[in-house]
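J.: Supplied structure: work21.txt, compact mmCIF, C-alpha atoms.
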```txt
# COMPACT_ATOMS: atom_id res chain seq x y z
CA MET A 21 -96.21 113.96 42.46
CA ALA A 22 -96.10 116.04 45.66
CA ASN A 23 -98.98 116.84 47.92
CA SER A 24 -100.06 120.39 48.80
CA SER A 25 -98.21 122.43 51.43
CA SER A 26 -101.03 122.07 53.97
CA SER A 27 -98.88 119.64 55.98
CA ILE A 28 -96.16 122.22 56.63
CA ALA A 29 -95.75 122.89 60.34
CA PRO A 30 -96.00 126.45 61.71
CA GLY A 31 -92.68 128.26 62.17
CA LYS A 32 -91.18 127.06 58.91
CA ALA A 33 -89.56 129.51 56.50
CA GLY A 34 -89.81 129.79 52.74
CA ILE A 35 -88.57 131.47 49.61
CA HIS A 36 -90.38 134.73 48.84
CA GLY A 37 -88.20 135.84 45.93
CA TRP A 38 -85.59 134.26 43.68
CA GLY A 39 -83.39 135.48 40.88
CA GLY A 40 -80.36 134.65 38.81
CA TYR A 41 -77.84 136.28 36.53
CA ILE A 42 -75.72 134.78 33.73
CA PRO A 43 -73.29 136.87 31.67
CA ARG A 44 -74.03 137.04 27.97
CA TYR A 45 -70.51 136.02 26.86
CA ARG A 46 -69.96 132.29 26.19
CA LEU A 47 -66.74 130.49 25.40
CA PRO A 48 -67.16 127.19 23.50
CA THR A 49 -65.31 124.32 25.15
CA SER A 50 -64.11 123.34 21.67
CA GLU A 51 -62.23 126.66 21.56
CA ILE A 52 -60.39 125.80 24.79
CA ALA A 53 -59.49 122.41 23.34
CA ARG A 54 -58.25 124.04 20.12
CA VAL A 55 -55.92 126.41 21.96
CA TRP A 56 -54.45 123.82 24.32
CA GLY A 57 -54.51 120.80 22.03
CA TRP A 58 -56.95 118.68 24.03
CA PRO A 59 -58.27 115.70 22.01
CA GLU A 60 -62.04 115.60 21.72
CA HIS A 61 -62.50 112.41 23.75
CA GLN A 62 -60.85 114.00 26.80
CA TYR A 63 -63.36 116.83 27.23
CA LYS A 64 -66.57 115.81 25.42
CA GLY A 65 -67.45 113.47 28.26
CA LEU A 66 -67.92 116.48 30.55
CA ASN A 67 -71.16 117.24 28.67
CA VAL A 68 -70.51 121.01 28.60
CA SER A 69 -70.76 122.85 25.28
CA HIS A 70 -70.05 126.42 26.47
CA LYS A 71 -69.10 128.24 29.63
CA SER A 72 -70.33 131.69 30.64
CA VAL A 73 -67.66 134.39 30.94
CA ASP A 74 -68.03 137.58 32.96
CA GLY A 75 -67.48 140.73 30.90
CA PRO A 76 -64.71 143.27 31.55
CA ASP A 77 -67.04 145.34 33.76
CA GLU A 78 -68.44 142.37 35.75
CA ASP A 79 -67.35 140.50 38.85
CA SER A 80 -68.88 138.30 41.54
CA THR A 81 -70.32 141.32 43.37
CA THR A 82 -71.99 142.95 40.36
CA MET A 83 -73.47 139.61 39.31
CA GLY A 84 -74.62 138.98 42.88
CA PHE A 85 -76.39 142.33 42.90
CA GLU A 86 -78.19 141.55 39.62
CA ALA A 87 -79.45 138.25 41.04
CA ALA A 88 -80.44 139.91 44.34
CA TYR A 89 -82.33 142.65 42.52
CA ASN A 90 -84.30 140.05 40.57
CA ALA A 91 -85.10 138.23 43.81
CA LEU A 92 -86.28 141.49 45.35
CA LEU A 93 -88.59 142.15 42.39
CA ARG A 94 -90.27 138.79 42.97
CA ALA A 95 -90.41 139.07 46.76
CA LYS A 96 -92.24 142.40 46.54
CA ILE A 97 -91.01 143.55 49.96
CA ASP A 98 -89.41 146.69 51.34
CA PRO A 99 -85.63 145.95 51.35
CA LYS A 100 -85.43 147.64 54.77
CA LEU A 101 -87.14 144.50 56.13
CA ILE A 102 -84.15 142.33 55.15
CA GLY A 103 -82.36 141.69 58.45
CA ALA A 104 -79.48 139.57 57.11
CA VAL A 105 -77.48 139.40 53.87
CA PHE A 106 -75.15 136.48 53.13
CA PHE A 107 -72.76 136.38 50.17
CA GLY A 108 -71.24 133.00 49.30
CA SER A 109 -68.31 132.97 46.89
CA GLU A 110 -64.79 131.71 46.30
CA SER A 111 -63.97 134.62 43.95
CA LYS A 112 -64.52 137.64 46.18
CA VAL A 113 -63.55 141.04 44.78
CA TYR A 114 -61.62 141.90 47.95
CA ALA A 115 -59.43 139.60 50.03
CA VAL A 116 -60.43 141.60 53.11
CA LYS A 117 -63.68 143.53 52.74
CA PRO A 118 -67.15 142.01 52.59
CA SER A 119 -69.14 141.90 49.38
CA ALA A 120 -72.29 141.37 51.45
CA THR A 121 -72.19 144.99 52.62
CA LEU A 122 -71.92 146.20 49.03
CA ILE A 123 -74.95 144.21 47.94
CA ALA A 124 -76.90 145.18 51.07
CA GLU A 125 -76.18 148.84 50.31
CA MET A 126 -77.09 148.53 46.62
CA ILE A 127 -80.48 146.94 47.29
CA GLY A 128 -81.30 149.39 50.10
CA ALA A 129 -81.15 147.00 53.08
CA THR A 130 -78.65 149.00 55.17
CA PRO A 131 -78.01 149.99 57.90
CA ASP A 132 -80.30 147.87 60.10
CA THR A 133 -79.09 144.51 58.85
CA MET A 134 -76.34 141.99 59.46
CA ALA A 135 -74.07 141.16 56.51
CA SER A 136 -71.47 138.43 56.13
CA ASP A 137 -69.38 136.79 53.43
CA LEU A 138 -69.25 133.00 53.61
CA GLU A 139 -66.75 130.54 52.18
CA PHE A 140 -67.06 126.78 51.63
CA ALA A 141 -65.98 126.26 48.03
CA CYS A 142 -69.16 125.82 45.96
CA ARG A 143 -71.39 125.36 49.03
CA ALA A 144 -71.08 128.82 50.66
CA GLY A 145 -74.20 130.14 48.93
CA SER A 146 -76.12 127.14 50.27
CA GLU A 147 -74.73 127.85 53.74
CA GLY A 148 -76.18 131.34 53.41
CA LEU A 149 -79.53 129.89 52.41
CA LYS A 150 -79.60 127.52 55.38
CA ALA A 151 -78.50 130.26 57.79
CA SER A 152 -81.26 132.48 56.40
CA LEU A 153 -83.84 129.76 57.03
CA GLY A 154 -82.64 129.42 60.60
CA LEU A 155 -82.71 133.15 61.33
CA VAL A 156 -86.19 133.54 59.90
CA SER A 157 -87.58 130.41 61.58
CA SER A 158 -86.21 131.55 64.96
CA GLY A 159 -87.79 134.98 64.60
CA MET A 160 -84.48 136.84 64.79
CA VAL A 161 -85.13 138.48 61.41
CA LYS A 162 -88.22 138.75 59.23
CA TYR A 163 -86.43 138.38 55.89
CA ALA A 164 -82.92 137.35 54.85
CA LEU A 165 -81.07 137.38 51.53
CA ALA A 166 -78.73 134.58 50.44
CA VAL A 167 -76.51 135.08 47.37
CA GLY A 168 -74.22 132.59 45.63
CA SER A 169 -71.96 134.15 42.99
CA ASP A 170 -68.67 133.26 41.34
CA THR A 171 -66.30 134.10 38.55
CA ALA A 172 -64.68 130.71 38.89
CA GLN A 173 -60.91 130.41 38.56
CA ALA A 174 -59.08 127.77 36.56
CA GLU A 175 -55.45 127.53 35.54
CA PRO A 176 -55.13 127.97 31.74
CA GLY A 177 -54.84 124.57 30.09
CA ASP A 178 -56.09 122.66 33.14
CA VAL A 179 -59.16 120.43 32.82
CA LEU A 180 -61.02 122.80 35.17
CA GLU A 181 -60.86 125.49 32.50
CA PHE A 182 -63.48 123.61 30.45
CA THR A 183 -66.13 124.13 33.11
CA ALA A 184 -65.15 127.00 35.48
CA SER A 185 -67.63 129.75 34.59
CA SER A 186 -69.49 132.80 35.91
CA GLY A 187 -72.99 133.38 37.28
CA ALA A 188 -75.06 134.24 40.34
CA ALA A 189 -78.28 133.24 42.10
CA ALA A 190 -80.11 134.83 45.02
CA PHE A 191 -83.03 133.99 47.31
CA ILE A 192 -85.03 136.09 49.75
CA VAL A 193 -86.17 133.95 52.66
CA GLY A 194 -89.09 134.91 54.87
CA PRO A 195 -91.91 133.41 56.94
CA ALA A 196 -93.87 130.47 55.54
CA ASP A 197 -96.98 132.62 55.30
CA GLY A 198 -96.93 134.25 51.88
CA ALA A 199 -93.90 132.32 50.60
CA ALA A 200 -93.71 131.12 47.00
CA ALA A 201 -92.04 127.91 48.16
CA ILE A 202 -91.67 126.50 51.65
CA VAL A 203 -88.63 124.58 52.87
CA GLU A 204 -90.12 121.68 54.80
CA ASP A 205 -86.82 120.18 55.99
CA THR A 206 -83.04 120.04 55.48
CA PHE A 207 -80.08 117.76 56.18
CA THR A 208 -76.35 118.54 56.05
CA TYR A 209 -73.46 116.07 55.58
CA VAL A 210 -69.89 117.37 56.11
CA THR A 211 -66.42 115.77 56.43
CA ASP A 212 -62.82 116.88 55.94
CA THR A 213 -62.19 115.55 52.42
CA PRO A 214 -59.47 117.52 50.55
CA ASP A 215 -60.57 117.22 46.94
CA PHE A 216 -60.12 120.86 45.84
CA TRP A 217 -58.30 123.82 47.38
CA ARG A 218 -56.50 127.11 46.76
CA ARG A 219 -53.74 128.32 49.07
CA ALA A 220 -53.40 131.95 50.10
CA GLU A 221 -52.01 134.25 47.39
CA LYS A 222 -52.19 131.51 44.76
CA PRO A 223 -54.11 132.57 41.63
CA TYR A 224 -55.56 129.18 40.73
CA PRO A 225 -57.01 126.22 42.66
CA ARG A 226 -55.59 122.72 42.75
CA HIS A 227 -57.62 119.54 42.69
CA GLY A 228 -57.00 115.97 43.78
CA GLU A 229 -58.59 114.17 40.87
CA GLY A 230 -58.76 110.85 42.69
CA PHE A 231 -60.87 112.45 45.41
CA THR A 232 -63.16 114.55 43.21
CA GLY A 233 -65.75 111.91 42.39
CA GLU A 234 -66.47 109.07 44.82
CA PRO A 235 -65.13 110.26 48.21
CA ALA A 236 -66.14 113.90 47.66
CA TYR A 237 -69.03 114.70 45.31
CA PHE A 238 -70.91 111.41 45.35
CA ALA A 239 -70.35 110.41 48.97
CA HIS A 240 -71.46 113.77 50.36
CA ILE A 241 -74.49 114.36 48.16
CA ILE A 242 -75.68 110.79 48.67
CA GLY A 243 -75.06 111.14 52.41
CA ALA A 244 -77.05 114.38 52.61
CA VAL A 245 -79.97 113.16 50.51
CA LYS A 246 -80.24 109.81 52.28
CA GLY A 247 -80.07 111.67 55.60
CA LEU A 248 -82.98 113.82 54.48
CA PHE A 249 -84.93 110.75 53.41
CA GLU A 250 -84.38 109.06 56.78
CA LYS A 251 -85.34 112.25 58.63
CA THR A 252 -88.54 112.90 56.67
CA GLY A 253 -89.63 109.52 55.33
CA LEU A 254 -89.59 110.92 51.79
CA LYS A 255 -88.55 108.92 48.73
CA PRO A 256 -87.37 109.88 45.20
CA GLU A 257 -90.85 109.36 43.78
CA ASP A 258 -92.22 112.01 46.16
CA PHE A 259 -90.34 114.73 44.24
CA ASP A 260 -91.20 116.38 40.95
CA TYR A 261 -87.71 117.86 40.52
CA ALA A 262 -84.22 116.96 41.73
CA ILE A 263 -81.38 119.51 41.55
CA PHE A 264 -77.80 118.60 42.40
CA HIS A 265 -74.53 120.51 42.32
CA GLN A 266 -73.36 120.62 38.71
CA PRO A 267 -69.55 120.55 38.34
CA ASN A 268 -70.15 119.19 34.83
CA GLY A 269 -73.03 117.80 32.84
CA LYS A 270 -72.57 114.13 33.77
CA PHE A 271 -72.17 114.02 37.58
CA PRO A 272 -75.72 115.26 38.39
CA LEU A 273 -77.26 112.59 36.16
CA LYS A 274 -75.05 109.90 37.65
CA VAL A 275 -75.78 110.79 41.29
CA ALA A 276 -79.50 111.05 40.48
CA GLN A 277 -79.50 107.54 39.07
CA ARG A 278 -77.68 106.17 42.11
CA LEU A 279 -80.24 107.78 44.42
CA GLY A 280 -83.21 106.48 42.44
CA PHE A 281 -84.24 109.64 40.57
CA THR A 282 -85.13 109.70 36.89
CA ARG A 283 -83.49 111.79 34.21
CA GLU A 284 -86.76 113.67 33.75
CA GLN A 285 -86.69 114.84 37.39
CA VAL A 286 -83.19 116.30 36.87
CA GLU A 287 -83.26 117.88 33.42
CA ALA A 288 -85.38 120.97 34.23
CA GLY A 289 -82.75 122.23 36.68
CA LEU A 290 -79.67 121.19 34.72
CA VAL A 291 -77.93 124.33 33.38
CA THR A 292 -74.24 123.38 33.41
CA PRO A 293 -74.23 121.79 29.92
CA MET A 294 -75.06 125.25 28.51
CA ILE A 295 -72.98 127.55 30.77
CA GLY A 296 -70.47 125.49 32.72
CA ASN A 297 -69.97 125.26 36.47
CA THR A 298 -70.82 128.58 38.15
CA TYR A 299 -69.56 127.20 41.47
CA ASN A 300 -71.63 128.83 44.25
CA ALA A 301 -74.43 129.56 41.79
CA SER A 302 -74.40 126.11 40.20
CA ALA A 303 -77.19 124.23 42.00
CA LEU A 304 -78.87 127.49 43.03
CA LEU A 305 -79.31 128.56 39.40
CA GLY A 306 -80.89 125.17 38.82
CA LEU A 307 -83.34 125.86 41.64
CA ALA A 308 -84.10 129.32 40.24
CA ARG A 309 -84.78 127.81 36.83
CA VAL A 310 -87.17 125.24 38.30
CA LEU A 311 -89.00 127.90 40.33
CA ASP A 312 -89.42 129.91 37.12
CA SER A 313 -91.91 127.31 35.86
CA ALA A 314 -92.88 125.13 38.85
CA LYS A 315 -96.56 124.63 39.72
CA PRO A 316 -98.25 124.86 43.12
CA GLY A 317 -98.04 121.64 45.13
CA GLN A 318 -94.88 120.35 43.44
CA ARG A 319 -91.96 119.20 45.59
CA ILE A 320 -88.31 119.98 44.81
CA LEU A 321 -85.15 118.30 46.06
CA LEU A 322 -82.09 120.59 46.17
CA ALA A 323 -78.62 119.24 47.01
CA PRO A 324 -75.69 121.67 46.57
CA PHE A 325 -72.12 120.47 47.24
CA GLY A 326 -68.88 122.17 48.16
CA SER A 327 -65.37 120.75 48.07
CA GLY A 328 -63.61 120.28 51.35
CA ALA A 329 -66.31 118.77 51.64
CA GLY A 330 -70.03 119.04 52.35
CA SER A 331 -73.55 118.89 50.98
CA ASP A 332 -76.95 120.22 52.05
CA ALA A 333 -80.20 118.54 51.08
CA TYR A 334 -83.47 120.52 51.04
CA SER A 335 -87.07 119.46 50.53
CA ILE A 336 -89.03 122.38 49.11
CA ILE A 337 -92.77 122.58 48.40
CA VAL A 338 -94.18 125.11 45.91
CA THR A 339 -97.24 127.15 46.97
CA ASP A 340 -99.97 129.02 45.12
CA GLU A 341 -98.02 132.27 45.64
CA ILE A 342 -95.48 131.28 42.98
CA VAL A 343 -97.75 131.84 39.99
CA GLU A 344 -97.90 135.63 40.03
CA ARG A 345 -94.20 136.01 40.90
CA GLN A 346 -92.70 133.99 38.07
CA SER A 347 -93.07 136.81 35.53
CA LEU A 348 -91.90 139.66 37.78
CA ALA A 349 -88.21 139.36 36.84
CA PRO A 350 -86.09 137.88 34.02
CA LYS A 351 -86.12 134.08 34.01
CA ILE A 352 -83.05 131.87 33.83
CA ASP A 353 -84.03 130.83 30.30
CA ASP A 354 -84.00 134.52 29.31
CA TYR A 355 -80.36 134.72 30.37
CA LEU A 356 -79.51 131.41 28.70
CA ALA A 357 -80.94 132.70 25.41
CA ARG A 358 -78.92 135.95 25.26
CA LYS A 359 -75.68 134.30 24.17
CA VAL A 360 -72.69 135.99 22.52
CA GLU A 361 -69.86 133.61 21.64
CA VAL A 362 -66.29 134.79 22.26
CA ASP A 363 -62.91 133.36 21.31
CA TYR A 364 -60.12 132.40 23.70
CA ALA A 365 -58.30 135.69 23.25
CA SER A 366 -61.37 137.69 24.29
CA TYR A 367 -61.87 135.36 27.25
CA THR A 368 -58.32 135.94 28.51
CA ARG A 369 -58.78 139.70 28.14
CA PHE A 370 -62.16 139.76 29.89
CA ARG A 371 -60.85 137.59 32.74
CA ARG A 372 -57.52 139.48 32.94
CA ILE A 373 -55.60 136.24 32.63
CA LEU A 374 -52.81 137.88 30.62
CA THR A 375 -50.24 139.78 32.69
CA MET A 376 -48.48 142.65 30.96
CA LEU A 377 -44.86 143.11 32.02
CA PRO A 378 -43.49 146.68 32.28
CA ARG A 379 -41.51 147.97 29.28
CA GLY A 380 -37.81 148.68 29.41
```
What does the file become when written as structure tokens?
T.:
Amino acid sequence: MANSSSSIAPGKAGIHGWGGYIPRYRLPTSEIARVWGWPEHQYKGLNVSHKSVDGPDEDSTTMGFEAAYNALLRAKIDPKLIGAVFFGSESKVYAVKPSATLIAEMIGATPDTMASDLEFACRAGSEGLKASLGLVSSGMVKYALAVGSDTAQAEPGDVLEFTASSGAAAFIVGPADGAAAIVEDTFTYVTDTPDFWRRAEKPYPRHGEGFTGEPAYFAHIIGAVKGLFEKTGLKPEDFDYAIFHQPNGKFPLKVAQRLGFTREQVEAGLVTPMIGNTYNASALLGLARVLDSAKPGQRILLAPFGSGAGSDAYSIIVTDEIVERQSLAPKIDDYLARKVEVDYASYTRFRRILTMLPRG
């Protein structure tokens, strides 16, 4: 559908490497329903069969490193050239200590780099991606790394528990020259809409169900995508793929239809039905999966969303450089295929949901 990238203006930035990580452990949503007594009709509509669960030796930082390492393999650059590292998450390992410095150290980007943790619910990873594009386009840094990673929290028995899952995605951004995919334009739409939040020192988030759909998810994604269309003159038929934030398996299909996209444009990047909502990695894993098989000249729409609330819309064009890089690291489908089902008891142990009281 899309034309070649020859129309991209000088000074643009692009994606040189991408990677993802999904834990092997999967909890069936039917197992959650069995434990808490949810009737089938109340959770089947979410269109999520399993959710990925981080193992006992995994967290948002370790997963973020795995995704970053895969991105580095595809970028084929010296990590010392990475001048900025952004880590977007709402499940940081430390309340006060950056995870970005840990990942920067592990990939070999330190010490001549900036590093920051970002927070905007499920959109912080996208904020890192957009900040990376800006830094590279301005010439302040040659390459930047943006990571979105979460071990999503959900109160046991709450409807969020059916979807809140674990995973990570990472992208190395650099100059347009030599990029595997070039970001031709972006648009951001943000308001103060309190649909989901977690107060300090509270273990689980709360959600205003009446705000979750129309005034939050749909209004902001539609606002961002229509803003991008008005800015660029693009239309749904100009895109080969459309990737939206995936809180469940039905919202992305619904927002696509309302914007004029077809189901076929969405399905290649739709991963939530198989692994749940990985929060900051949700839409970004969808982008990674599309890049794993995309062809030169194709155009991709990406629209992550974060509660609170905001959405970014990106128009991305694939270049000839993508072909040789697709096989340089594990693909998202490789991670989807290595599935080990666990029961609810194992899930609570892995996630340390059970609290043991002292004896005596």
J.: When you draw a straight line from CA of Leu374 in chain A to CA of Glu175 in chain A, how long is it in Å?
T.: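 That distance, rounded to one decimal, is 11.8 Å.
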J.: List as a PDB file with C-alpha atoms, in the coordinates of the input the protein and nucleic acid residues near Leu305 in chain A, meaning an atom at most 10 Å away when all atoms listed in the file are counted, but skip any in the same chain fewer than 4 places from it.
T.:
```pdb
ATOM      1  CA  TRP A  38     -85.590 134.260  43.680  1.00  0.00           C
ATOM      2  CA  GLY A  39     -83.390 135.480  40.880  1.00  0.00           C
ATOM      3  CA  GLY A  40     -80.360 134.650  38.810  1.00  0.00           C
ATOM      4  CA  TYR A  41     -77.840 136.280  36.530  1.00  0.00           C
ATOM      5  CA  ILE A  42     -75.720 134.780  33.730  1.00  0.00           C
ATOM      6  CA  ALA A  87     -79.450 138.250  41.040  1.00  0.00           C
ATOM      7  CA  GLY A 168     -74.220 132.590  45.630  1.00  0.00           C
ATOM      8  CA  SER A 169     -71.960 134.150  42.990  1.00  0.00           C
ATOM      9  CA  GLY A 187     -72.990 133.380  37.280  1.00  0.00           C
ATOM     10  CA  ALA A 188     -75.060 134.240  40.340  1.00  0.00           C
ATOM     11  CA  ALA A 189     -78.280 133.240  42.100  1.00  0.00           C
ATOM     12  CA  ALA A 190     -80.110 134.830  45.020  1.00  0.00           C
ATOM     13  CA  ILE A 263     -81.380 119.510  41.550  1.00  0.00           C
ATOM     14  CA  HIS A 265     -74.530 120.510  42.320  1.00  0.00           C
ATOM     15  CA  GLN A 266     -73.360 120.620  38.710  1.00  0.00           C
ATOM     16  CA  GLY A 289     -82.750 122.230  36.680  1.00  0.00           C
ATOM     17  CA  LEU A 290     -79.670 121.190  34.720  1.00  0.00           C
ATOM     18  CA  VAL A 291     -77.930 124.330  33.380  1.00  0.00           C
ATOM     19  CA  THR A 292     -74.240 123.380  33.410  1.00  0.00           C
ATOM     20  CA  THR A 298     -70.820 128.580  38.150  1.00  0.00           C
ATOM     21  CA  ASN A 300     -71.630 128.830  44.250  1.00  0.00           C
ATOM     22  CA  ALA A 301     -74.430 129.560  41.790  1.00  0.00           C
ATOM     23  CA  ARG A 309     -84.780 127.810  36.830  1.00  0.00           C
ATOM     24  CA  VAL A 310     -87.170 125.240  38.300  1.00  0.00           C
ATOM     25  CA  LEU A 311     -89.000 127.900  40.330  1.00  0.00           C
ATOM     26  CA  ILE A 352     -83.050 131.870  33.830  1.00  0.00           C
TER      27      ILE A 352
END
```
J.: Quick one: of A:Tyr364, A:Phe207, A:Tyr114, A:Phe191, who's nearest to Arg94 in chain A, counting only C-alpha atoms?
T.: A:Phe191
J.: I'd like the neighbourhood of Ile97 in chain A as a PyMOL selection string, where a residue qualifies if any of its atoms comes within 12 Å (using all atoms listed in the file), though same-chain residues fewer than 4 positions away should be ignored.
T.: chain A and resi 36-37+89+91-93+101-102+127-129+162-165+192-194+198-199
J.: Between CA of Ile337 in chain A and CA of Leu307 in chain A, what is the distance, to one decimal in Å?
T.: 12.1 Å
J.: Leaving out Ala314 in chain A and any residue of its chain fewer than 2 positions from it, which residues lie within 10 Å of it when counting only C-alpha atoms, given as a ChimeraX atom specification?
T.: /A:201,260-261,288,307-312,316-320,337-339,342-343,346
J.: Return the single residue from A:Ile52, A:Val73, A:Val245, A:Ala329 that is closest to Thr171 in chain A, with distances computed using all atoms listed in the file.
T.: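 Checking each candidate against Thr171 in chain A, we get A:Val73 as the closest.
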J.: Return the single residue from A:Gly296, A:Gln173, A:Ala166, A:Ala303 that is closest to Gly148 in chain A, with distances computed using all atoms listed in the file.
T.: A:Ala166
J.: Neighbouring residues of Pro293 in chain A were defined as those with any atom within 6 Å, considering all atoms listed in the file; residues of the same chain fewer than 4 positions away were excluded. Please report them as number ranges by chain.
T.: A: 67-69, 269
J.: With distances taken over all atoms listed in the file, which residue among A:Ser152, A:Thr206, A:Gln62, A:Gln277 lies nearest Ile336 in chain A?
T.: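 Selected residue with least distance to Ile336 in chain A: A:Thr206.
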J.: Between CA of Leu66 in chain A and CA of Lys270 in chain A, what is the distance in Å, rounded to a tenth?
T.: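 Answer for the CA of Leu66 in chain A to CA of Lys270 in chain A separation: 6.1 Å.
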J.: Under the rule that all atoms listed in the file are counted, which of A:Gly84, A:Pro99, A:Pro225, A:Pro131 is the nearest residue to Val113 in chain A?
T.: A:Gly84
J.: Residues within 9 Å of (-82.2, 110.4, 41.0), file coordinates, counting all atoms listed in the file: what are they? Give the list as number ranges by chain.
T.: A: 256, 262, 272-283, 285-286
J.: Considering only C-alpha atoms, state which residue in the set A:Gly306, A:Arg369, A:Gly103, A:Gly330 is at the smallest distance from Gly159 in chain A.
T.: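 Distance minimum relative to Gly159 in chain A lands on A:Gly103.
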